[in-house]
file structure29.csv (CSV, C-alpha atoms)
chain,number,residue,atom,x,y,z
A,1,LEU,CA,133.2,94.5,97.3
A,2,THR,CA,131.6,96.2,94.4
A,3,ARG,CA,130.7,99.9,95.1
A,4,ASN,CA,127.0,100.7,95.0
A,5,ILE,CA,125.4,104.0,94.0
A,6,ASN,CA,122.2,104.4,96.0
A,7,ALA,CA,119.1,106.3,94.9
A,8,VAL,CA,115.6,107.1,95.9
A,9,ILE,CA,113.0,107.6,93.2
A,10,ASN,CA,109.8,109.6,93.7
A,11,VAL,CA,106.9,107.8,92.1
A,12,GLY,CA,104.4,109.1,94.6
A,13,GLN,CA,103.5,105.8,96.2
A,14,TYR,CA,106.3,105.6,98.8
A,15,VAL,CA,107.8,102.3,97.5
A,16,LEU,CA,110.9,101.4,99.6
A,17,ALA,CA,113.7,99.1,98.7
A,18,ARG,CA,117.3,98.7,99.9
A,19,SER,CA,118.9,97.3,96.7
A,20,PHE,CA,117.4,96.9,93.3
A,21,PRO,CA,119.1,94.7,90.6
A,22,LYS,CA,117.9,95.2,87.1
A,23,THR,CA,115.1,92.6,87.3
A,24,SER,CA,113.7,94.3,90.4
A,25,ARG,CA,113.7,97.7,88.7
A,26,LYS,CA,111.6,96.2,85.9
A,27,PHE,CA,109.1,95.0,88.5
A,28,LEU,CA,109.0,98.5,90.1
A,29,ARG,CA,108.4,100.0,86.7
A,30,LYS,CA,105.3,97.7,86.3
A,31,LEU,CA,104.2,98.6,89.8
A,32,ASN,CA,104.4,102.3,89.0
A,33,GLN,CA,102.5,101.8,85.8
A,34,ALA,CA,99.8,99.9,87.6
A,35,MET,CA,99.1,103.1,89.7
A,36,LEU,CA,98.1,101.6,93.0
A,37,PRO,CA,94.7,102.6,94.5
A,38,GLU,CA,94.5,105.7,96.7
A,39,GLY,CA,95.7,105.1,100.2
A,40,TYR,CA,98.0,102.1,99.5
A,41,ASP,CA,101.6,102.2,100.5
A,42,VAL,CA,103.9,99.5,99.5
A,43,ASP,CA,107.1,98.4,101.3
A,44,VAL,CA,109.2,96.2,99.0
A,45,HIS,CA,112.5,94.7,100.1
A,46,PHE,CA,114.9,92.8,97.9
A,47,LYS,CA,118.0,90.9,98.9
A,48,PRO,CA,120.9,92.7,97.4
A,49,LYS,CA,123.5,91.1,95.2
A,50,TYR,CA,126.1,92.6,97.5
A,51,GLU,CA,126.0,93.4,101.2
A,52,PRO,CA,124.7,97.0,101.3
A,53,TRP,CA,127.4,99.4,102.6
A,54,ASP,CA,124.8,101.6,104.3
A,55,GLN,CA,121.2,102.7,104.1
A,56,ARG,CA,121.3,105.4,101.4
A,57,LEU,CA,118.8,107.9,100.0
A,58,CYS,CA,118.9,109.9,96.8
A,59,VAL,CA,115.8,111.7,95.5
A,60,VAL,CA,115.0,111.9,91.9
A,61,PRO,CA,111.9,113.0,90.1
A,62,ASP,CA,111.0,110.2,87.8
A,63,GLY,CA,111.4,106.5,88.3
A,64,ASP,CA,111.4,105.2,84.7
A,65,LEU,CA,113.7,108.1,83.6
A,66,PHE,CA,116.3,107.3,86.2
A,67,THR,CA,116.0,103.6,85.7
A,68,ALA,CA,117.0,104.2,82.1
A,69,LEU,CA,120.0,106.3,83.2
A,70,ALA,CA,121.0,103.8,85.8
A,71,ASP,CA,121.1,101.0,83.2
A,72,ARG,CA,123.4,103.2,81.1
A,73,TYR,CA,125.6,104.0,84.1
A,74,GLU,CA,126.0,100.3,85.0
A,75,LYS,CA,126.9,99.6,81.3
A,76,ASP,CA,129.5,102.3,81.3
A,77,ASN,CA,130.8,101.4,84.8
A,78,PRO,CA,131.1,97.5,84.9
A,79,GLY,CA,130.4,96.2,88.4
A,80,ALA,CA,128.5,99.2,89.5
A,81,ASP,CA,125.1,98.6,91.1
A,82,VAL,CA,122.7,101.6,91.2
A,83,GLN,CA,120.2,101.2,94.0
A,84,PHE,CA,116.9,103.0,94.4
A,85,ASN,CA,114.5,103.9,97.1
A,86,PHE,CA,111.1,105.4,96.2
A,87,ALA,CA,109.4,108.2,98.1
A,88,GLY,CA,108.1,111.7,97.9
A,89,SER,CA,110.8,114.3,97.4
A,90,SER,CA,109.8,116.9,100.1
A,91,SER,CA,109.7,114.2,102.8
A,92,LEU,CA,113.1,112.9,101.7
A,93,VAL,CA,114.7,116.3,102.2
A,94,GLU,CA,113.6,116.1,105.8
A,95,GLN,CA,115.0,112.6,106.2
A,96,LEU,CA,118.3,113.7,104.8
A,97,THR,CA,118.5,116.6,107.3
A,98,GLN,CA,117.7,114.2,110.1
A,99,GLY,CA,120.7,112.0,109.2
A,100,ALA,CA,119.7,109.7,106.4
A,101,LYS,CA,122.7,109.2,104.1
A,102,ALA,CA,122.8,109.2,100.3
A,103,ASP,CA,125.1,109.6,97.3
A,104,VAL,CA,123.2,112.0,95.1
A,105,PHE,CA,120.3,114.3,95.6
A,106,ALA,CA,118.1,115.4,92.7
A,107,SER,CA,115.2,117.7,93.5
A,108,ALA,CA,112.0,118.4,91.6
A,109,ASP,CA,112.4,122.1,92.4
A,110,ALA,CA,115.1,124.6,93.5
A,111,ASN,CA,113.5,125.1,96.8
A,112,ASN,CA,114.2,121.6,98.2
A,113,MET,CA,117.8,121.8,96.9
A,114,THR,CA,118.2,125.1,98.6
A,115,LYS,CA,117.0,123.5,101.9
A,116,ALA,CA,119.6,120.8,101.4
A,117,ALA,CA,122.3,123.4,100.8
A,118,LYS,CA,121.4,125.4,103.8
A,119,ALA,CA,121.5,122.3,105.9
A,120,GLY,CA,125.1,121.7,104.7
A,121,LEU,CA,124.3,118.4,103.0
A,122,LEU,CA,125.9,119.1,99.6
A,123,ALA,CA,129.5,118.4,98.6
A,124,GLY,CA,129.5,121.1,96.0
A,125,THR,CA,127.4,123.3,93.8
A,126,PRO,CA,124.3,121.5,92.3
A,127,VAL,CA,123.7,121.6,88.6
A,128,ASN,CA,120.3,122.2,86.9
A,129,PHE,CA,119.6,119.3,84.6
A,130,ALA,CA,115.9,119.5,83.5
A,131,SER,CA,112.7,121.5,83.7
A,132,ASN,CA,109.0,120.5,83.9
A,133,THR,CA,105.8,122.5,83.3
A,134,LEU,CA,102.3,122.1,84.7
A,135,VAL,CA,99.4,121.0,82.5
A,136,ILE,CA,95.7,120.1,83.1
A,137,VAL,CA,94.7,116.4,82.8
A,138,THR,CA,91.1,115.2,82.6
A,139,PRO,CA,89.5,111.8,82.0
A,140,PRO,CA,89.8,110.7,78.3
A,141,GLY,CA,87.8,112.8,76.0
A,142,ASN,CA,87.7,115.7,78.5
A,143,PRO,CA,84.0,115.1,79.3
A,144,LYS,CA,83.6,118.3,81.4
A,145,GLN,CA,85.1,120.4,78.6
A,146,VAL,CA,87.9,122.0,80.6
A,147,ASN,CA,89.6,124.1,78.0
A,148,ASN,CA,91.7,126.5,80.0
A,149,PHE,CA,93.0,127.3,83.5
A,150,GLY,CA,90.0,129.5,84.3
A,151,ASP,CA,87.6,126.6,83.7
A,152,LEU,CA,89.1,124.9,86.8
A,153,ALA,CA,87.2,127.4,88.9
A,154,ARG,CA,83.8,126.5,87.6
A,155,PRO,CA,81.3,125.5,90.3
A,156,GLY,CA,80.7,121.8,90.6
A,157,LEU,CA,84.0,120.8,89.0
A,158,ASN,CA,86.0,118.4,91.1
A,159,VAL,CA,89.6,119.6,90.8
A,160,VAL,CA,92.6,118.0,92.5
A,161,VAL,CA,96.0,119.7,93.0
A,162,CYS,CA,99.2,119.0,94.9
A,163,ALA,CA,99.6,120.3,98.5
A,164,ARG,CA,101.4,123.6,98.9
A,165,GLN,CA,104.6,122.1,100.3
A,166,VAL,CA,105.0,119.9,97.3
A,167,PRO,CA,106.9,121.3,94.2
A,168,CYS,CA,103.9,120.8,91.9
A,169,GLY,CA,101.7,122.5,94.5
A,170,THR,CA,104.0,125.5,94.7
A,171,ALA,CA,103.9,125.8,90.9
A,172,ALA,CA,100.1,125.6,90.9
A,173,ARG,CA,99.8,128.5,93.3
A,174,LYS,CA,102.1,130.6,91.0
A,175,VAL,CA,99.9,129.8,88.1
A,176,GLU,CA,96.8,130.9,90.1
A,177,LYS,CA,98.4,134.2,90.8
A,178,ILE,CA,99.5,134.8,87.2
A,179,ALA,CA,96.1,133.8,85.8
A,180,GLY,CA,94.1,135.7,88.5
A,181,VAL,CA,92.1,132.6,89.2
A,182,GLU,CA,91.5,131.1,92.7
A,183,LEU,CA,91.0,127.4,92.7
A,184,LYS,CA,88.9,125.5,95.3
A,185,PRO,CA,90.2,122.0,95.0
A,186,VAL,CA,88.3,119.0,96.5
A,187,SER,CA,91.6,117.5,97.4
A,188,GLU,CA,95.3,118.4,97.9
A,189,GLU,CA,97.6,115.5,97.4
A,190,THR,CA,101.1,114.9,98.7
A,191,SER,CA,102.5,113.9,95.3
A,192,VAL,CA,101.8,114.6,91.7
A,193,THR,CA,101.3,110.9,91.1
A,194,ASP,CA,98.4,110.9,93.6
A,195,VAL,CA,96.8,113.8,91.6
A,196,LEU,CA,97.2,111.8,88.4
A,197,ASN,CA,95.7,108.7,90.1
A,198,LYS,CA,92.6,110.7,91.2
A,199,VAL,CA,91.9,111.6,87.6
A,200,THR,CA,92.6,108.2,86.0
A,201,SER,CA,90.5,106.5,88.6
A,202,GLY,CA,87.5,108.8,87.9
A,203,GLN,CA,87.6,110.5,91.4
A,204,ALA,CA,88.3,113.9,89.9
A,205,ASP,CA,87.2,115.8,86.8
A,206,ALA,CA,90.6,117.5,86.4
A,207,GLY,CA,94.0,117.8,88.0
A,208,LEU,CA,97.2,119.7,87.7
A,209,VAL,CA,100.2,117.5,86.9
A,210,TYR,CA,103.5,117.9,85.0
A,211,GLU,CA,103.9,117.5,81.3
A,212,THR,CA,105.9,114.3,82.0
A,213,ASP,CA,103.1,112.8,84.0
A,214,ALA,CA,100.5,113.5,81.3
A,215,ARG,CA,102.8,111.9,78.8
A,216,SER,CA,103.4,108.8,80.9
A,217,ALA,CA,99.6,108.4,81.4
A,218,GLY,CA,99.1,108.1,77.7
A,219,ASP,CA,95.5,107.5,76.6
A,220,LYS,CA,94.3,107.3,80.2
A,221,VAL,CA,94.0,111.1,80.2
A,222,SER,CA,93.4,114.0,78.0
A,223,LYS,CA,95.8,117.0,78.3
A,224,VAL,CA,95.1,120.7,78.2
A,225,ASP,CA,98.1,123.1,78.0
A,226,ILE,CA,98.3,126.1,80.3
A,227,PRO,CA,100.0,129.1,78.7
A,228,GLN,CA,100.4,130.8,82.1
A,229,ALA,CA,102.5,127.8,83.3
A,230,ALA,CA,105.4,129.0,81.1
A,231,SER,CA,106.0,131.5,83.9
A,232,ALA,CA,106.0,128.9,86.7
A,233,VAL,CA,108.4,126.3,85.3
A,234,ASN,CA,110.0,123.9,87.9
A,235,ILE,CA,113.8,123.6,87.5
A,236,TYR,CA,115.4,120.3,88.6
A,237,PRO,CA,118.8,120.5,90.2
A,238,ILE,CA,121.1,117.6,91.0
A,239,GLY,CA,124.2,117.3,93.2
A,240,VAL,CA,126.6,115.0,95.1
A,241,LEU,CA,126.0,114.8,98.9
A,242,LYS,CA,128.6,115.0,101.6
A,243,SER,CA,127.4,111.7,103.0
A,244,SER,CA,128.4,109.8,99.9
A,245,ALA,CA,131.0,107.1,100.6
A,246,ASP,CA,132.4,107.4,97.0
A,247,ALA,CA,132.1,111.0,95.8
A,248,ALA,CA,133.9,110.2,92.5
A,249,ALA,CA,131.3,107.5,91.6
A,250,ALA,CA,128.5,109.8,92.6
A,251,GLN,CA,129.9,112.6,90.5
A,252,ARG,CA,130.1,110.2,87.5
A,253,PHE,CA,126.4,109.6,87.9
A,254,VAL,CA,125.7,113.3,88.0
A,255,ASP,CA,127.9,113.8,84.9
A,256,LEU,CA,125.8,111.2,83.1
A,257,VAL,CA,122.5,112.9,83.9
A,258,THR,CA,123.9,116.3,82.7
A,259,SER,CA,125.6,114.9,79.6
A,260,ASP,CA,124.3,114.9,76.0
A,261,THR,CA,123.2,111.3,76.6
A,262,GLY,CA,121.4,112.2,79.7
A,263,ARG,CA,119.6,115.1,78.1
A,264,GLN,CA,118.5,112.9,75.2
A,265,THR,CA,117.0,110.5,77.7
A,266,LEU,CA,115.3,113.3,79.6
A,267,ALA,CA,113.8,114.6,76.4
A,268,GLN,CA,112.4,111.1,75.6
A,269,PHE,CA,110.4,111.3,78.9
A,270,GLY,CA,109.1,114.8,78.2
A,271,PHE,CA,111.5,116.8,80.3
A,272,ALA,CA,112.7,120.2,78.8
A,273,LYS,CA,116.1,121.8,79.2
A,274,PRO,CA,116.7,123.7,82.4

call {"tool": "encode", "arguments": {"input": "structure29.csv", "output": "structure tokens"}}
result
Amino acid sequence: LTRNINAVINVGQYVLARSFPKTSRKFLRKLNQAMLPEGYDVDVHFKPKYEPWDQRLCVVPDGDLFTALADRYEKDNPGADVQFNFAGSSSLVEQLTQGAKADVFASADANNMTKAAKAGLLAGTPVNFASNTLVIVTPPGNPKQVNNFGDLARPGLNVVVCARQVPCGTAARKVEKIAGVELKPVSEETSVTDVLNKVTSGQADAGLVYETDARSAGDKVSKVDIPQAASAVNIYPIGVLKSSADAAAAQRFVDLVTSDTGRQTLAQFGFAKP
């Protein structure tokens, strides 16, 4: 029986799958790029190539990024099958503490990794592998002329941010304090992808997302940098979980993410060094 590495990718739309061969991952990339309408949750199940050894969870911050790394891992480890499950990162930490099992956990901020460590979920010390910074996104052409963070507090401007318990929401509150600006968002979303969707669908005049999200949106948005966000950078740690049925295989995946090859792939998707 070929050993599987199981993973959960946070693309913000709570897409669930037990086992994803490469063709299925390509489908999910297209699904992510399509950016489902607000309020839609998708539950997708695929028949695995091998009988799954258990239900596993592993949270990582970017679907396309980790799909690329998974392809490299499978190439370097013949017979390996990296499986993904898609959901929001903060909720997955809760699932892990409630008994859900996984091989590797990669958090979009240090806070969620700390929660996992305090719960006794980690097999060792996590390693920081990337960082991400908040930016402002607007509809193409920036029609409301949002030129800096302070402009987000203008009356009549529909601004969307992440909820406080979400890593991007925590970073947004830090920037507010640093800039001395109090935002009054019309909506607080449970994932950064939902914030991006609000802007690209025309439901918001501006939103706070990560640099990587703005890059992935391409010409669907205009980007405004936030100098104050340099003091509120989110660091992404990764580590092997005690629940892994093959700690050595899980560690090889972590080693790939933190290797020179991994860092080159991270840079291609807009992630900075930790």

call {"tool": "residues_around", "arguments": {"input": "structure29.csv", "residues": "A:Gly169", "least_positions_apart": "3", "cutoff": "10 Å", "atoms": "only C-alpha atoms", "output": "PyMOL selection string"}}
result
chain A and resi 134+161-166+172-175+188-192+208-209

call {"tool": "atom_distance", "arguments": {"input": "structure29.csv", "atom1": "atom CA of A:Asn112", "atom2": "atom CA of A:Asn128"}}
result
12.9 Å

call {"tool": "residues_around", "arguments": {"input": "structure29.csv", "residues": "A:Leu122", "least_positions_apart": "3", "cutoff": "6 Å", "atoms": "only C-alpha atoms", "output": "PyMOL selection string"}}
result
chain A and resi 117+241-242

call {"tool": "closest_residue", "arguments": {"input": "structure29.csv", "among": "A:Pro139, A:Gly180, A:Gly239, A:Gly150", "to": "A:Gln203", "atoms": "all atoms listed in the file"}}
result
A:Pro139

call {"tool": "closest_residue", "arguments": {"input": "structure29.csv", "among": "A:Thr125, A:Gln228, A:Thr212, A:Ser244", "to": "A:Leu96", "atoms": "all atoms listed in the file"}}
result
A:Ser244

call {"tool": "closest_residue", "arguments": {"input": "structure29.csv", "among": "A:Phe253, A:Phe66, A:Tyr210, A:Phe129", "to": "A:Ile235", "atoms": "only C-alpha atoms"}}
result
A:Phe129

call {"tool": "residues_around", "arguments": {"input": "structure29.csv", "residues": "A:Ile226", "least_positions_apart": "5", "cutoff": "7 Å", "atoms": "only C-alpha atoms", "output": "count of residues only"}}
result
3

call {"tool": "closest_residue", "arguments": {"input": "structure29.csv", "among": "A:Ala214, A:Ala249, A:Ala130, A:Leu196", "to": "A:Arg263", "atoms": "only C-alpha atoms"}}
result
A:Ala130

call {"tool": "closest_residue", "arguments": {"input": "structure29.csv", "among": "A:Ser107, A:Val127, A:Pro78, A:Arg215", "to": "A:Thr258", "atoms": "all atoms listed in the file"}}
result
A:Val127

call {"tool": "atom_distance", "arguments": {"input": "structure29.csv", "atom1": "atom CA of A:Asp103", "atom2": "atom CA of A:Pro274"}}
result
22.2 Å

call {"tool": "atom_distance", "arguments": {"input": "structure29.csv", "atom1": "atom CA of A:Asp246", "atom2": "atom CA of A:Val104"}}
result
10.5 Å

call {"tool": "closest_residue", "arguments": {"input": "structure29.csv", "among": "A:Val257, A:Ala123, A:Leu183, A:Val159", "to": "A:Thr67", "atoms": "only C-alpha atoms"}}
result
A:Val257

call {"tool": "residues_around", "arguments": {"input": "structure29.csv", "residues": "A:Ala204", "least_positions_apart": "6", "cutoff": "12 Å", "atoms": "only C-alpha atoms", "output": "ChimeraX atom specification"}}
result
/A:136-139,142-144,152,156-161,185-188,194-198,221

call {"tool": "decode", "arguments": {"input": "structure29.csv", "residues": "stretch 100-117 of chain A", "atoms": "N, CA, C and O atoms", "output": "PDB file, in the first residue's frame"}}
result
ATOM      1  N   ALA A 100      -9.229  15.539  14.931  1.00  0.00           N
ATOM      2  CA  ALA A 100      -8.943  15.278  13.516  1.00  0.00           C
ATOM      3  C   ALA A 100      -7.443  15.039  13.354  1.00  0.00           C
ATOM      4  O   ALA A 100      -6.626  15.668  14.030  1.00  0.00           O
ATOM      5  N   LYS A 101      -7.059  14.123  12.460  1.00  0.00           N
ATOM      6  CA  LYS A 101      -5.664  13.748  12.318  1.00  0.00           C
ATOM      7  C   LYS A 101      -5.075  14.281  11.021  1.00  0.00           C
ATOM      8  O   LYS A 101      -5.768  14.449  10.033  1.00  0.00           O
ATOM      9  N   ALA A 102      -3.772  14.543  11.045  1.00  0.00           N
ATOM     10  CA  ALA A 102      -3.082  15.069   9.875  1.00  0.00           C
ATOM     11  C   ALA A 102      -1.616  14.699   9.947  1.00  0.00           C
ATOM     12  O   ALA A 102      -1.126  14.204  10.967  1.00  0.00           O
ATOM     13  N   ASP A 103      -0.905  14.957   8.875  1.00  0.00           N
ATOM     14  CA  ASP A 103       0.537  14.731   8.837  1.00  0.00           C
ATOM     15  C   ASP A 103       1.320  16.002   9.108  1.00  0.00           C
ATOM     16  O   ASP A 103       2.298  16.009   9.857  1.00  0.00           O
ATOM     17  N   VAL A 104       0.925  17.068   8.446  1.00  0.00           N
ATOM     18  CA  VAL A 104       1.669  18.326   8.516  1.00  0.00           C
ATOM     19  C   VAL A 104       0.692  19.465   8.753  1.00  0.00           C
ATOM     20  O   VAL A 104      -0.414  19.468   8.210  1.00  0.00           O
ATOM     21  N   PHE A 105       1.110  20.415   9.565  1.00  0.00           N
ATOM     22  CA  PHE A 105       0.304  21.608   9.798  1.00  0.00           C
ATOM     23  C   PHE A 105       1.127  22.834   9.450  1.00  0.00           C
ATOM     24  O   PHE A 105       2.224  23.023   9.953  1.00  0.00           O
ATOM     25  N   ALA A 106       0.590  23.671   8.547  1.00  0.00           N
ATOM     26  CA  ALA A 106       1.247  24.922   8.186  1.00  0.00           C
ATOM     27  C   ALA A 106       0.253  26.042   8.397  1.00  0.00           C
ATOM     28  O   ALA A 106      -0.830  26.036   7.823  1.00  0.00           O
ATOM     29  N   SER A 107       0.608  26.990   9.235  1.00  0.00           N
ATOM     30  CA  SER A 107      -0.329  28.032   9.634  1.00  0.00           C
ATOM     31  C   SER A 107      -0.031  29.342   8.923  1.00  0.00           C
ATOM     32  O   SER A 107       1.121  29.646   8.604  1.00  0.00           O
ATOM     33  N   ALA A 108      -1.086  30.136   8.717  1.00  0.00           N
ATOM     34  CA  ALA A 108      -0.922  31.443   8.099  1.00  0.00           C
ATOM     35  C   ALA A 108      -0.473  32.498   9.103  1.00  0.00           C
ATOM     36  O   ALA A 108      -0.294  33.656   8.734  1.00  0.00           O
ATOM     37  N   ASP A 109      -0.294  32.116  10.351  1.00  0.00           N
ATOM     38  CA  ASP A 109       0.287  33.033  11.334  1.00  0.00           C
ATOM     39  C   ASP A 109       0.838  32.221  12.492  1.00  0.00           C
ATOM     40  O   ASP A 109       0.568  31.028  12.649  1.00  0.00           O
ATOM     41  N   ALA A 110       1.635  32.876  13.327  1.00  0.00           N
ATOM     42  CA  ALA A 110       2.252  32.196  14.464  1.00  0.00           C
ATOM     43  C   ALA A 110       1.225  31.855  15.534  1.00  0.00           C
ATOM     44  O   ALA A 110       1.394  30.878  16.277  1.00  0.00           O
ATOM     45  N   ASN A 111       0.161  32.631  15.633  1.00  0.00           N
ATOM     46  CA  ASN A 111      -0.826  32.439  16.684  1.00  0.00           C
ATOM     47  C   ASN A 111      -1.476  31.061  16.608  1.00  0.00           C
ATOM     48  O   ASN A 111      -1.599  30.348  17.613  1.00  0.00           O
ATOM     49  N   ASN A 112      -1.903  30.650  15.405  1.00  0.00           N
ATOM     50  CA  ASN A 112      -2.542  29.349  15.256  1.00  0.00           C
ATOM     51  C   ASN A 112      -1.563  28.207  15.502  1.00  0.00           C
ATOM     52  O   ASN A 112      -1.936  27.162  16.048  1.00  0.00           O
ATOM     53  N   MET A 113      -0.311  28.396  15.121  1.00  0.00           N
ATOM     54  CA  MET A 113       0.687  27.365  15.399  1.00  0.00           C
ATOM     55  C   MET A 113       0.930  27.254  16.900  1.00  0.00           C
ATOM     56  O   MET A 113       1.117  26.154  17.436  1.00  0.00           O
ATOM     57  N   THR A 114       0.918  28.393  17.584  1.00  0.00           N
ATOM     58  CA  THR A 114       1.080  28.380  19.042  1.00  0.00           C
ATOM     59  C   THR A 114      -0.061  27.613  19.704  1.00  0.00           C
ATOM     60  O   THR A 114       0.149  26.848  20.656  1.00  0.00           O
ATOM     61  N   LYS A 115      -1.278  27.799  19.186  1.00  0.00           N
ATOM     62  CA  LYS A 115      -2.424  27.058  19.717  1.00  0.00           C
ATOM     63  C   LYS A 115      -2.220  25.554  19.534  1.00  0.00           C
ATOM     64  O   LYS A 115      -2.511  24.758  20.442  1.00  0.00           O
ATOM     65  N   ALA A 116      -1.717  25.170  18.372  1.00  0.00           N
ATOM     66  CA  ALA A 116      -1.470  23.756  18.108  1.00  0.00           C
ATOM     67  C   ALA A 116      -0.398  23.212  19.046  1.00  0.00           C
ATOM     68  O   ALA A 116      -0.504  22.087  19.553  1.00  0.00           O
ATOM     69  N   ALA A 117       0.637  24.007  19.285  1.00  0.00           N
ATOM     70  CA  ALA A 117       1.717  23.579  20.175  1.00  0.00           C
ATOM     71  C   ALA A 117       1.219  23.419  21.608  1.00  0.00           C
ATOM     72  O   ALA A 117       1.532  22.426  22.286  1.00  0.00           O
TER      73      ALA A 117
END
